[in-house]
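start.csv follows; it contains CSV, C-alpha atoms.
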```csv
chain,number,residue,atom,x,y,z
V,15,MET,CA,3.7,-2.4,27.5
V,16,ARG,CA,1.8,-5.5,26.4
V,17,ILE,CA,0.8,-4.8,22.8
V,18,ALA,CA,-1.6,-6.8,20.6
V,19,ILE,CA,-1.6,-6.3,16.8
V,20,ASP,CA,-4.6,-7.7,14.9
V,21,ALA,CA,-3.0,-9.0,11.7
V,22,THR,CA,-5.9,-11.2,10.8
V,23,SER,CA,-7.0,-9.0,7.8
V,24,VAL,CA,-3.8,-9.8,5.9
V,25,PRO,CA,-4.8,-11.7,2.7
V,26,ARG,CA,-2.8,-14.5,1.0
V,27,GLN,CA,-1.8,-12.1,-1.8
V,28,ARG,CA,-0.5,-9.0,0.1
V,29,ALA,CA,-1.0,-5.5,-1.2
V,30,GLY,CA,-1.7,-2.2,0.4
V,31,ALA,CA,-2.7,-2.6,4.0
V,32,GLY,CA,-1.5,-6.2,4.1
V,33,THR,CA,2.0,-5.2,3.0
V,34,TYR,CA,1.9,-2.5,5.7
V,35,ILE,CA,1.0,-4.9,8.5
V,36,CYS,CA,3.6,-7.5,7.6
V,37,ASN,CA,6.5,-5.1,7.2
V,38,LEU,CA,5.5,-3.3,10.3
V,39,VAL,CA,5.4,-6.4,12.4
V,40,GLN,CA,8.7,-7.6,11.2
V,41,ALA,CA,10.3,-4.2,11.8
V,42,LEU,CA,8.9,-4.1,15.3
V,43,ALA,CA,10.5,-7.4,16.1
V,44,GLN,CA,13.8,-6.0,15.0
V,45,VAL,CA,13.8,-2.6,16.7
V,46,ASP,CA,11.7,-2.9,19.9
V,47,ARG,CA,13.2,-5.1,22.6
V,48,ASP,CA,11.5,-3.4,25.5
V,49,ASN,CA,7.8,-4.3,25.0
V,50,THR,CA,5.8,-7.6,24.7
V,51,TYR,CA,3.9,-8.3,21.5
V,52,PHE,CA,1.1,-10.6,20.7
V,53,VAL,CA,0.5,-10.8,16.9
V,54,LEU,CA,-2.9,-12.4,16.1
V,55,ALA,CA,-2.7,-13.7,12.5
V,56,LYS,CA,-3.9,-16.5,10.2
V,57,PRO,CA,-1.4,-19.4,10.0
V,58,GLY,CA,1.2,-18.9,7.4
V,59,THR,CA,1.0,-15.1,7.4
V,60,PHE,CA,4.4,-14.7,9.0
V,61,ASP,CA,7.6,-16.8,8.9
V,62,ARG,CA,7.9,-17.8,12.6
V,63,ARG,CA,11.6,-17.8,12.4
V,64,SER,CA,11.8,-14.1,11.6
V,65,LEU,CA,9.7,-13.3,14.7
V,66,GLU,CA,11.2,-15.7,17.2
V,67,ARG,CA,12.5,-13.7,20.1
V,68,ASP,CA,11.7,-13.1,23.7
V,69,GLY,CA,8.6,-10.9,24.1
V,70,PHE,CA,7.2,-11.6,20.6
V,71,GLN,CA,4.4,-14.2,20.3
V,72,LEU,CA,2.4,-15.2,17.3
V,73,VAL,CA,-1.2,-16.2,18.2
V,74,PRO,CA,-2.7,-18.3,15.4
V,75,VAL,CA,-6.3,-17.5,14.4
V,76,ASP,CA,-7.7,-19.7,11.6
V,77,LEU,CA,-10.5,-17.8,9.8
V,78,PRO,CA,-12.0,-19.2,6.6
V,79,SER,CA,-13.6,-16.1,5.2
V,80,ARG,CA,-13.8,-12.3,5.4
V,81,LEU,CA,-17.2,-12.6,7.2
V,82,ALA,CA,-15.7,-15.0,9.7
V,83,ARG,CA,-12.9,-12.5,10.4
V,84,MET,CA,-15.4,-9.7,11.0
V,85,LEU,CA,-17.4,-11.8,13.4
V,86,TRP,CA,-14.2,-13.0,15.2
V,87,GLU,CA,-13.0,-9.4,15.6
V,88,GLN,CA,-16.2,-8.3,17.4
V,89,ALA,CA,-16.9,-11.5,19.4
V,90,MET,CA,-13.6,-13.2,20.1
V,91,LEU,CA,-10.8,-10.7,19.9
V,92,PRO,CA,-11.9,-8.9,23.1
V,93,LEU,CA,-11.7,-12.3,24.9
V,94,HIS,CA,-8.1,-12.8,23.7
V,95,LEU,CA,-7.2,-9.3,24.8
V,96,ARG,CA,-8.5,-9.9,28.3
V,97,ARG,CA,-6.8,-13.2,28.5
V,98,LEU,CA,-3.4,-11.8,27.4
V,99,GLY,CA,-3.6,-8.8,29.7
V,100,VAL,CA,-3.1,-6.4,26.8
V,101,ASP,CA,-2.4,-2.7,27.4
V,102,VAL,CA,-2.6,-1.5,23.8
V,103,LEU,CA,-4.5,-2.9,20.9
V,104,HIS,CA,-3.3,-1.8,17.4
V,105,SER,CA,-6.0,-2.3,14.8
V,106,PRO,CA,-4.0,-1.7,11.6
V,107,HIS,CA,-6.8,-1.7,9.0
V,108,TYR,CA,-9.6,0.7,10.0
V,109,THR,CA,-11.8,-1.5,12.2
V,110,THR,CA,-11.6,-2.3,15.9
V,111,PRO,CA,-13.8,-4.2,18.3
V,112,LEU,CA,-16.9,-2.3,19.6
V,113,ALA,CA,-16.7,-4.1,23.0
V,114,PRO,CA,-15.3,-2.0,25.9
V,115,GLY,CA,-12.1,-3.0,27.5
V,116,ARG,CA,-9.2,-1.7,29.7
V,117,TRP,CA,-6.8,-1.6,26.7
V,118,ARG,CA,-6.0,1.6,24.8
V,119,ARG,CA,-6.7,1.5,21.1
V,120,VAL,CA,-4.6,2.6,18.1
V,121,VAL,CA,-6.2,2.5,14.7
V,122,THR,CA,-4.4,3.0,11.4
V,123,PHE,CA,-6.2,4.7,8.5
V,124,HIS,CA,-4.7,4.2,5.1
V,125,ASP,CA,-7.1,6.5,3.2
V,126,VAL,CA,-10.7,7.5,3.1
V,127,THR,CA,-11.4,6.9,-0.6
V,128,PHE,CA,-14.8,5.4,0.3
V,129,PHE,CA,-15.9,9.0,1.1
V,130,LEU,CA,-13.9,10.8,-1.5
V,131,LEU,CA,-14.5,8.5,-4.5
V,132,PRO,CA,-17.6,6.5,-3.5
V,133,GLN,CA,-18.2,5.4,-7.2
V,134,ARG,CA,-14.9,3.5,-6.9
V,135,TYR,CA,-16.5,0.8,-4.7
V,136,PRO,CA,-19.4,-1.6,-5.0
V,137,ILE,CA,-22.2,-0.2,-2.7
V,138,LEU,CA,-21.9,-2.9,0.1
V,139,ARG,CA,-18.1,-2.6,0.3
V,140,ARG,CA,-18.4,1.2,0.4
V,141,LEU,CA,-21.1,1.3,3.2
V,142,TYR,CA,-19.1,-1.2,5.2
V,143,PHE,CA,-15.9,0.8,5.1
V,144,GLN,CA,-17.7,4.1,5.8
V,145,GLY,CA,-19.4,2.7,8.9
V,146,ALA,CA,-16.4,0.8,10.1
V,147,SER,CA,-14.1,3.8,9.8
V,148,HIS,CA,-16.5,6.0,11.7
V,149,ALA,CA,-16.6,3.5,14.5
V,150,GLY,CA,-12.8,3.0,14.5
V,151,ALA,CA,-12.3,6.8,14.7
V,152,ARG,CA,-14.8,7.1,17.5
V,153,LEU,CA,-13.2,4.4,19.6
V,154,ALA,CA,-9.5,5.1,18.9
V,155,ASP,CA,-7.4,6.7,21.6
V,156,LEU,CA,-5.0,7.7,18.9
V,157,ALA,CA,-5.1,7.2,15.2
V,158,ILE,CA,-2.2,6.6,12.8
V,159,ALA,CA,-2.4,8.2,9.3
V,160,VAL,CA,0.1,7.1,6.7
V,161,SER,CA,0.5,10.6,5.3
V,162,GLU,CA,-0.3,14.2,6.1
V,163,THR,CA,-2.9,14.0,3.3
V,164,VAL,CA,-4.7,11.2,5.1
V,165,LYS,CA,-4.5,13.0,8.4
V,166,GLY,CA,-6.3,16.0,6.9
V,167,ASP,CA,-8.9,13.7,5.3
V,168,VAL,CA,-9.4,11.8,8.6
V,169,VAL,CA,-9.9,15.0,10.5
V,170,ARG,CA,-12.3,16.4,8.0
V,171,HIS,CA,-14.4,13.3,7.2
V,172,LEU,CA,-14.2,11.3,10.4
V,173,ARG,CA,-14.2,14.3,12.7
V,174,LEU,CA,-11.2,13.4,14.8
V,175,SER,CA,-9.3,16.2,16.4
V,176,ALA,CA,-5.9,16.8,14.8
V,177,GLU,CA,-4.3,16.0,18.2
V,178,ARG,CA,-5.6,12.5,18.1
V,179,VAL,CA,-4.0,11.7,14.7
V,180,ARG,CA,-0.3,10.9,14.3
V,181,VAL,CA,1.4,10.7,10.9
V,182,VAL,CA,3.7,7.6,10.5
V,183,PRO,CA,4.8,7.1,6.9
V,184,LEU,CA,5.3,3.8,5.2
V,185,ALA,CA,8.4,2.6,3.3
V,186,PRO,CA,9.6,0.3,0.5
V,187,GLY,CA,10.4,-3.2,1.7
V,188,PRO,CA,14.0,-4.1,2.2
V,189,GLY,CA,14.2,-6.1,-1.0
V,190,PHE,CA,13.3,-3.2,-3.2
V,191,LEU,CA,16.8,-2.3,-4.6
V,192,PRO,CA,18.2,-2.0,-8.1
V,193,ILE,CA,18.7,-5.6,-9.3
V,194,GLU,CA,21.7,-6.3,-11.5
V,195,ASP,CA,21.6,-10.1,-11.4
V,196,SER,CA,20.9,-10.8,-15.1
V,197,ALA,CA,20.1,-14.5,-14.5
V,198,ARG,CA,17.5,-13.6,-11.9
V,199,MET,CA,16.0,-10.9,-14.1
V,200,GLU,CA,15.8,-13.3,-17.1
V,201,ALA,CA,14.1,-16.0,-14.9
V,202,VAL,CA,11.5,-13.4,-13.8
V,203,ARG,CA,11.1,-12.2,-17.4
V,204,ASP,CA,10.4,-15.8,-18.5
V,205,ARG,CA,8.1,-16.5,-15.6
V,206,TYR,CA,5.7,-13.6,-16.5
V,207,GLY,CA,6.3,-13.5,-20.2
V,208,LEU,CA,7.6,-9.9,-20.1
V,209,PRO,CA,8.5,-8.1,-23.3
V,210,SER,CA,12.1,-7.0,-23.9
V,211,ARG,CA,11.2,-3.3,-23.3
V,212,PHE,CA,8.1,-2.1,-21.4
V,213,ILE,CA,6.3,0.5,-19.4
V,214,LEU,CA,5.2,-0.7,-16.0
V,215,ASN,CA,2.2,-0.1,-13.8
V,216,VAL,CA,1.6,-1.9,-10.5
V,217,GLY,CA,-1.8,-1.9,-8.7
V,218,THR,CA,-4.9,-3.9,-8.0
V,219,LEU,CA,-7.2,-3.9,-11.0
V,220,GLU,CA,-10.0,-1.5,-9.8
V,221,PRO,CA,-11.3,1.8,-11.0
V,222,GLY,CA,-9.4,4.0,-8.5
V,223,LYS,CA,-6.0,2.9,-9.9
V,224,ASN,CA,-7.1,4.5,-13.2
V,225,GLN,CA,-5.4,2.0,-15.5
V,226,ALA,CA,-8.0,2.8,-18.2
V,227,THR,CA,-6.5,6.3,-18.6
V,228,LEU,CA,-3.0,4.7,-18.8
V,229,VAL,CA,-4.2,2.3,-21.5
V,230,ARG,CA,-5.7,5.2,-23.5
V,231,ALA,CA,-2.5,7.2,-23.3
V,232,PHE,CA,-0.5,4.1,-24.3
V,233,HIS,CA,-2.7,3.7,-27.3
V,234,ARG,CA,-1.9,7.2,-28.4
V,235,LEU,CA,1.8,6.6,-28.0
V,236,LYS,CA,1.6,3.4,-30.0
V,237,GLY,CA,0.1,5.3,-32.8
V,238,ARG,CA,3.2,7.5,-32.7
V,239,GLY,CA,5.6,4.6,-33.0
V,240,LEU,CA,6.2,3.7,-29.3
V,241,GLU,CA,8.4,0.6,-29.1
V,242,GLN,CA,7.7,-0.4,-25.5
V,243,GLY,CA,4.9,-2.7,-24.4
V,244,LEU,CA,2.7,-2.0,-21.4
V,245,VAL,CA,2.9,-4.4,-18.4
V,246,ILE,CA,0.2,-4.1,-15.7
V,247,ALA,CA,1.0,-6.1,-12.5
V,248,GLY,CA,-1.8,-6.6,-9.9
V,249,GLN,CA,-4.5,-8.9,-8.8
V,250,LYS,CA,-8.1,-8.6,-9.9
V,251,GLY,CA,-10.0,-6.4,-7.5
V,252,TRP,CA,-13.4,-5.2,-8.6
V,253,MET,CA,-15.1,-3.6,-11.6
V,254,TYR,CA,-12.1,-4.5,-13.7
V,255,GLU,CA,-14.0,-6.0,-16.7
V,256,LYS,CA,-14.3,-2.6,-18.5
V,257,LEU,CA,-10.5,-2.4,-18.5
V,258,PHE,CA,-10.2,-5.7,-20.3
V,259,ARG,CA,-12.8,-4.6,-22.8
V,260,LEU,CA,-11.0,-1.3,-23.4
V,261,VAL,CA,-7.8,-3.1,-24.2
V,262,ASP,CA,-9.6,-5.4,-26.7
V,263,GLY,CA,-11.6,-2.5,-28.2
V,264,LEU,CA,-8.4,-0.5,-28.9
V,265,GLY,CA,-6.7,-3.5,-30.5
V,266,LEU,CA,-4.0,-3.7,-27.8
V,267,ARG,CA,-4.3,-7.3,-26.8
V,268,GLU,CA,-0.8,-8.1,-28.1
V,269,ASP,CA,0.8,-4.9,-26.6
V,270,VAL,CA,-0.7,-4.9,-23.0
V,271,ARG,CA,0.3,-7.7,-20.7
V,272,PHE,CA,-1.7,-8.3,-17.5
V,273,VAL,CA,0.6,-10.5,-15.4
V,274,GLY,CA,-1.6,-10.7,-12.3
V,275,TYR,CA,-0.2,-10.6,-8.7
V,276,VAL,CA,3.6,-10.4,-8.5
V,277,PRO,CA,5.1,-11.2,-5.1
V,278,ALA,CA,7.7,-8.9,-3.6
V,279,ASP,CA,10.6,-11.2,-4.4
V,280,ASP,CA,9.9,-11.0,-8.1
V,281,LEU,CA,8.6,-7.4,-8.2
V,282,ALA,CA,11.9,-5.8,-7.5
V,283,ALA,CA,13.3,-7.5,-10.6
V,284,VAL,CA,10.3,-6.4,-12.7
V,285,TYR,CA,10.9,-2.8,-11.5
V,286,SER,CA,14.5,-3.1,-12.4
V,287,MET,CA,13.8,-4.4,-16.0
V,288,ALA,CA,11.2,-1.7,-16.9
V,289,ASP,CA,12.0,1.5,-18.8
V,290,LEU,CA,9.5,3.6,-16.9
V,291,PHE,CA,6.9,3.4,-14.1
V,292,VAL,CA,3.6,5.1,-14.7
V,293,PHE,CA,1.0,5.4,-11.9
V,294,PRO,CA,-2.0,7.6,-12.7
V,295,SER,CA,-4.0,6.7,-9.6
V,296,LEU,CA,-7.0,9.0,-8.9
V,297,TYR,CA,-6.3,9.0,-5.1
V,298,GLU,CA,-3.7,7.4,-2.8
V,299,GLY,CA,-3.3,7.5,0.9
V,300,PHE,CA,0.4,7.0,0.5
V,301,GLY,CA,1.5,5.4,-2.7
V,302,LEU,CA,3.9,2.6,-2.1
V,303,PRO,CA,4.3,1.3,-5.7
V,304,PRO,CA,6.0,4.5,-7.1
V,305,LEU,CA,8.2,4.7,-4.1
V,306,GLU,CA,9.2,1.0,-4.6
V,307,ALA,CA,9.9,1.8,-8.2
V,308,MET,CA,12.2,4.7,-7.2
V,309,ALA,CA,14.0,2.5,-4.7
V,310,CYS,CA,14.8,0.1,-7.6
V,311,GLY,CA,16.2,3.0,-9.7
V,312,LEU,CA,13.2,3.3,-12.1
V,313,PRO,CA,12.0,6.8,-13.3
V,314,VAL,CA,8.4,7.6,-12.3
V,315,VAL,CA,5.5,9.4,-13.9
V,316,ALA,CA,2.6,9.7,-11.4
V,317,SER,CA,-0.7,11.3,-10.7
V,318,ASN,CA,-0.6,14.7,-9.0
V,319,ALA,CA,-3.0,13.5,-6.3
V,320,PRO,CA,-2.1,15.2,-3.0
V,321,ALA,CA,-0.6,12.2,-1.2
V,322,LEU,CA,1.6,11.3,-4.2
V,323,ALA,CA,2.8,14.8,-4.5
V,324,GLU,CA,3.6,14.7,-0.7
V,325,VAL,CA,5.4,11.4,-0.8
V,326,LEU,CA,7.3,11.7,-4.1
V,327,ASN,CA,8.3,15.3,-3.3
V,328,GLY,CA,9.6,16.4,-6.7
V,329,ALA,CA,11.3,13.2,-7.6
V,330,ALA,CA,8.7,12.2,-10.3
V,331,LEU,CA,6.9,13.8,-13.1
V,332,LEU,CA,3.4,14.6,-11.9
V,333,VAL,CA,0.3,14.9,-14.1
V,334,ASN,CA,-3.4,15.3,-13.9
V,335,PRO,CA,-4.6,11.7,-13.8
V,336,SER,CA,-7.7,12.5,-15.8
V,337,ASP,CA,-5.9,14.1,-18.7
V,338,VAL,CA,-5.0,11.4,-21.3
V,339,ASP,CA,-3.0,13.9,-23.4
V,340,ALA,CA,-0.9,15.1,-20.4
V,341,LEU,CA,-0.2,11.5,-19.3
V,342,ALA,CA,0.9,10.5,-22.8
V,343,GLU,CA,3.1,13.6,-23.2
V,344,ALA,CA,4.8,13.1,-19.8
V,345,THR,CA,5.4,9.4,-20.6
V,346,ALA,CA,6.9,10.2,-24.0
V,347,ARG,CA,9.1,12.9,-22.5
V,348,ALA,CA,10.4,10.6,-19.8
V,349,LEU,CA,11.2,7.9,-22.3
V,350,ALA,CA,12.9,10.2,-24.8
V,351,ASP,CA,14.9,12.6,-22.6
V,352,LYS,CA,18.0,10.8,-21.3
V,353,ARG,CA,19.0,13.7,-19.1
V,354,LEU,CA,15.6,13.8,-17.5
V,355,ARG,CA,15.6,10.1,-17.0
V,356,SER,CA,19.0,10.3,-15.2
V,357,ARG,CA,17.7,13.1,-13.0
V,358,LEU,CA,14.5,11.2,-12.1
V,359,ARG,CA,16.5,8.1,-11.3
V,360,ARG,CA,18.9,9.9,-9.1
V,361,GLN,CA,16.3,11.9,-7.3
V,362,GLY,CA,14.0,8.9,-6.9
V,363,LEU,CA,16.8,6.8,-5.3
V,364,GLU,CA,17.5,9.6,-2.9
V,365,ARG,CA,13.9,10.2,-2.0
V,366,ALA,CA,13.2,6.5,-1.4
V,367,SER,CA,16.2,6.2,0.9
V,368,GLN,CA,14.5,8.7,3.3
V,369,PHE,CA,12.0,6.0,4.2
V,370,SER,CA,12.5,2.8,6.2
V,371,TRP,CA,10.4,0.3,8.0
V,372,GLN,CA,12.7,0.6,11.1
V,373,ARG,CA,11.8,4.3,11.2
V,374,THR,CA,8.1,3.4,10.7
V,375,ALA,CA,8.3,0.9,13.6
V,376,ARG,CA,9.9,3.4,16.0
V,377,GLY,CA,7.3,6.0,15.1
V,378,THR,CA,4.6,3.4,15.8
V,379,VAL,CA,6.0,2.5,19.2
V,380,GLY,CA,5.9,6.2,20.0
V,381,VAL,CA,2.1,6.2,19.2
V,382,TYR,CA,1.6,3.2,21.5
V,383,GLU,CA,3.4,5.0,24.3
V,384,ALA,CA,1.4,8.1,23.8
V,385,ALA,CA,-1.9,6.2,23.7
V,386,LEU,CA,-1.1,4.5,27.0
V,387,SER,CA,0.1,7.5,28.8
V,388,SER,CA,-2.6,10.0,27.9
V,389,ALA,CA,-6.3,10.1,28.5
V,390,ARG,CA,-8.4,10.2,25.4
V,391,GLY,CA,-9.5,13.7,24.3
```
Spit out the file's structure as structure tokens when you get a sec.
Amino acid sequence: MRIAIDATSVPRQRAGAGTYICNLVQALAQVDRDNTYFVLAKPGTFDRRSLERDGFQLVPVDLPSRLARMLWEQAMLPLHLRRLGVDVLHSPHYTTPLAPGRWRRVVTFHDVTFFLLPQRYPILRRLYFQGASHAGARLADLAIAVSETVKGDVVRHLRLSAERVRVVPLAPGPGFLPIEDSARMEAVRDRYGLPSRFILNVGTLEPGKNQATLVRAFHRLKGRGLEQGLVIAGQKGWMYEKLFRLVDGLGLREDVRFVGYVPADDLAAVYSMADLFVFPSLYEGFGLPPLEAMACGLPVVASNAPALAEVLNGAALLVNPSDVDALAEATARALADKRLRSRLRRQGLERASQFSWQRTARGTVGVYEAALSSARG
């Protein structure tokens, strides 16, 4: 097969879908020696040396803005596909060209929060994703969902038949392991100004990650003598100003540390230094951060949202993300009970080990093969 992957949506600071695309491409280069790949990406997205092999070609596409990328996808990408003689196009982030072509289409859906939690998004962003996901679902020969939860949501909200949706889970990156190098950890601690003991949350600052409930629970625990600080790692997304005002209003400016975006090379060390990972997201399609934390040996308290319950599979304490008291109690229990912490650490490492990007890549190749060999239903 001649396979094109549109990686032009990967931002400079990778999170979520960007992490998925980069890890998938690198794993495909390792495990698939039978097919030819064309990866269309902005310059600097990938280390060329890690992808240099026969049958793997990076096609540079210099796009200065999100609008330019959207226009390029619709107007120019089909021309590239025809020139390259592509058999299968993988659109790994909801959207795909509307223009017809001889190639088969595989579209990845990471979640459908723009239908389930519309208030989470500014109106233009929400309308764009709703329309683009409907179009992507209609045009896809096969769709990839990152969890069984997302498959059910895609079938229900985008009206795909279940037979056209294949589940291919994600995985922690290869660098997410327990870090024991004290010099490396201290360098990371100094770089981000981390306290000696802390609770950790990782996620883009936006309403769906529900950091406001975490801050309220943390405030209650501080009132009961909690020693740890709270570290929130993640880039600014949208509608985050209320979170900063909440921290100030509760008098927590000295106790809550916003460290911004943390690249993967440093993030494993941050996970390894924390006392507990708390992730009260309202909805996830998969939930990579808690699985990354588990891979680093960190006990996890998380939301009981369906995809998180599916992925974490009993290896974390799960709570109602809207219940401040329940979140505070679970956090306090996980910090105080050494036997529980030991069990969560052990079960978390075991659960995280069941996922790998090589397995994700092989499953994705299977979807490419199925898309090429079967007529669309």
Point to revise | Among the residues V:Leu332, V:Leu77, V:Leu156, V:Leu130, the one that comes closest to Lys56 of chain V [using all atoms listed in the file] | key: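 Distance minimum relative to Lys56 of chain V lands on V:Leu77.
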Exercise for review: Tell me, as a count of residues only, which residues lie within 7 Å of segment 94-107 of chain V, counting only C-alpha atoms; anything in the same chain fewer than 6 positions away does not count.
Suggested key: 17
Distance table requested - segment 161-242 of chain V against segment 353-371 of chain V, cut-off 9 Å, all atoms listed in the file: one row per qualifying residue with the closest atom pair and its distance in Å to one decimal, ordered by chain and rising residue number, as JSON lines.
```
{"residue": "V:Pro183", "atom": "CA", "partner": "V:Phe369", "partner_atom": "CA", "distance": 7.8}
{"residue": "V:Leu184", "atom": "CA", "partner": "V:Trp371", "partner_atom": "CA", "distance": 6.8}
{"residue": "V:Ala185", "atom": "CA", "partner": "V:Ser370", "partner_atom": "CA", "distance": 5.0}
{"residue": "V:Pro186", "atom": "CA", "partner": "V:Ser370", "partner_atom": "CA", "distance": 6.9}
{"residue": "V:Gly187", "atom": "CA", "partner": "V:Trp371", "partner_atom": "CA", "distance": 7.2}
{"residue": "V:Pro188", "atom": "CA", "partner": "V:Ser370", "partner_atom": "CA", "distance": 8.1}
```
Practice item. With only C-alpha atoms counted, which protein, DNA or RNA residues have an atom no more than 12 Å from (4.2, 14.4, -23.0) in the file frame? Please answer as a PyMOL selection string. Key: chain V and resi 231-232+234-235+238+315+331-334+337-351
Practice item. Select, from V:Asn215, V:Gln40, V:Thr59, V:Ser147, the residue with the minimum atom-to-atom distance to Ala21 of chain V, counting all atoms listed in the file. Key: V:Thr59
Practice item. Scan for residues within 6 Å of the point (-21.0, 4.1, 2.0) in the coordinates of the file, using only C-alpha atoms, and reply as a list in words. Key: Arg140, Leu141 and Gln144 of chain V
Revision key, fill the gap. A straight line from atom CA of Leu214 of chain V to atom CA of Cys310 of chain V spans 12.8 Å
Repair of segment 189-200 of chain V at the level of N, CA and C atoms, as a PDB file, in the frame of the given file:
```pdb
ATOM      1  N   GLY V 189      13.726  -5.470   0.256  1.00  0.00           N
ATOM      2  CA  GLY V 189      14.200  -6.100  -1.000  1.00  0.00           C
ATOM      3  C   GLY V 189      14.049  -5.244  -2.212  1.00  0.00           C
ATOM      4  N   PHE V 190      13.519  -4.033  -2.068  1.00  0.00           N
ATOM      5  CA  PHE V 190      13.300  -3.200  -3.200  1.00  0.00           C
ATOM      6  C   PHE V 190      14.602  -2.319  -3.425  1.00  0.00           C
ATOM      7  N   LEU V 191      15.483  -2.853  -4.260  1.00  0.00           N
ATOM      8  CA  LEU V 191      16.800  -2.300  -4.600  1.00  0.00           C
ATOM      9  C   LEU V 191      17.009  -2.489  -6.089  1.00  0.00           C
ATOM     10  N   PRO V 192      17.876  -1.717  -6.722  1.00  0.00           N
ATOM     11  CA  PRO V 192      18.200  -2.000  -8.100  1.00  0.00           C
ATOM     12  C   PRO V 192      18.785  -3.414  -8.262  1.00  0.00           C
ATOM     13  N   ILE V 193      18.211  -4.217  -9.125  1.00  0.00           N
ATOM     14  CA  ILE V 193      18.700  -5.600  -9.300  1.00  0.00           C
ATOM     15  C   ILE V 193      19.560  -5.639 -10.557  1.00  0.00           C
ATOM     16  N   GLU V 194      20.753  -6.177 -10.373  1.00  0.00           N
ATOM     17  CA  GLU V 194      21.700  -6.300 -11.500  1.00  0.00           C
ATOM     18  C   GLU V 194      22.041  -7.702 -11.849  1.00  0.00           C
ATOM     19  N   ASP V 195      21.410  -8.647 -11.178  1.00  0.00           N
ATOM     20  CA  ASP V 195      21.600 -10.100 -11.400  1.00  0.00           C
ATOM     21  C   ASP V 195      20.865 -10.446 -12.723  1.00  0.00           C
ATOM     22  N   SER V 196      21.581 -10.567 -13.845  1.00  0.00           N
ATOM     23  CA  SER V 196      20.900 -10.800 -15.100  1.00  0.00           C
ATOM     24  C   SER V 196      20.200 -12.150 -15.154  1.00  0.00           C
ATOM     25  N   ALA V 197      20.764 -13.157 -14.516  1.00  0.00           N
ATOM     26  CA  ALA V 197      20.100 -14.500 -14.500  1.00  0.00           C
ATOM     27  C   ALA V 197      18.786 -14.405 -13.749  1.00  0.00           C
ATOM     28  N   ARG V 198      18.785 -13.702 -12.627  1.00  0.00           N
ATOM     29  CA  ARG V 198      17.500 -13.600 -11.900  1.00  0.00           C
ATOM     30  C   ARG V 198      16.496 -12.795 -12.683  1.00  0.00           C
ATOM     31  N   MET V 199      16.919 -11.740 -13.356  1.00  0.00           N
ATOM     32  CA  MET V 199      16.000 -10.900 -14.100  1.00  0.00           C
ATOM     33  C   MET V 199      15.404 -11.732 -15.306  1.00  0.00           C
ATOM     34  N   GLU V 200      16.244 -12.507 -15.960  1.00  0.00           N
ATOM     35  CA  GLU V 200      15.800 -13.300 -17.100  1.00  0.00           C
ATOM     36  C   GLU V 200      14.795 -14.380 -16.640  1.00  0.00           C
TER      37      GLU V 200
END
```
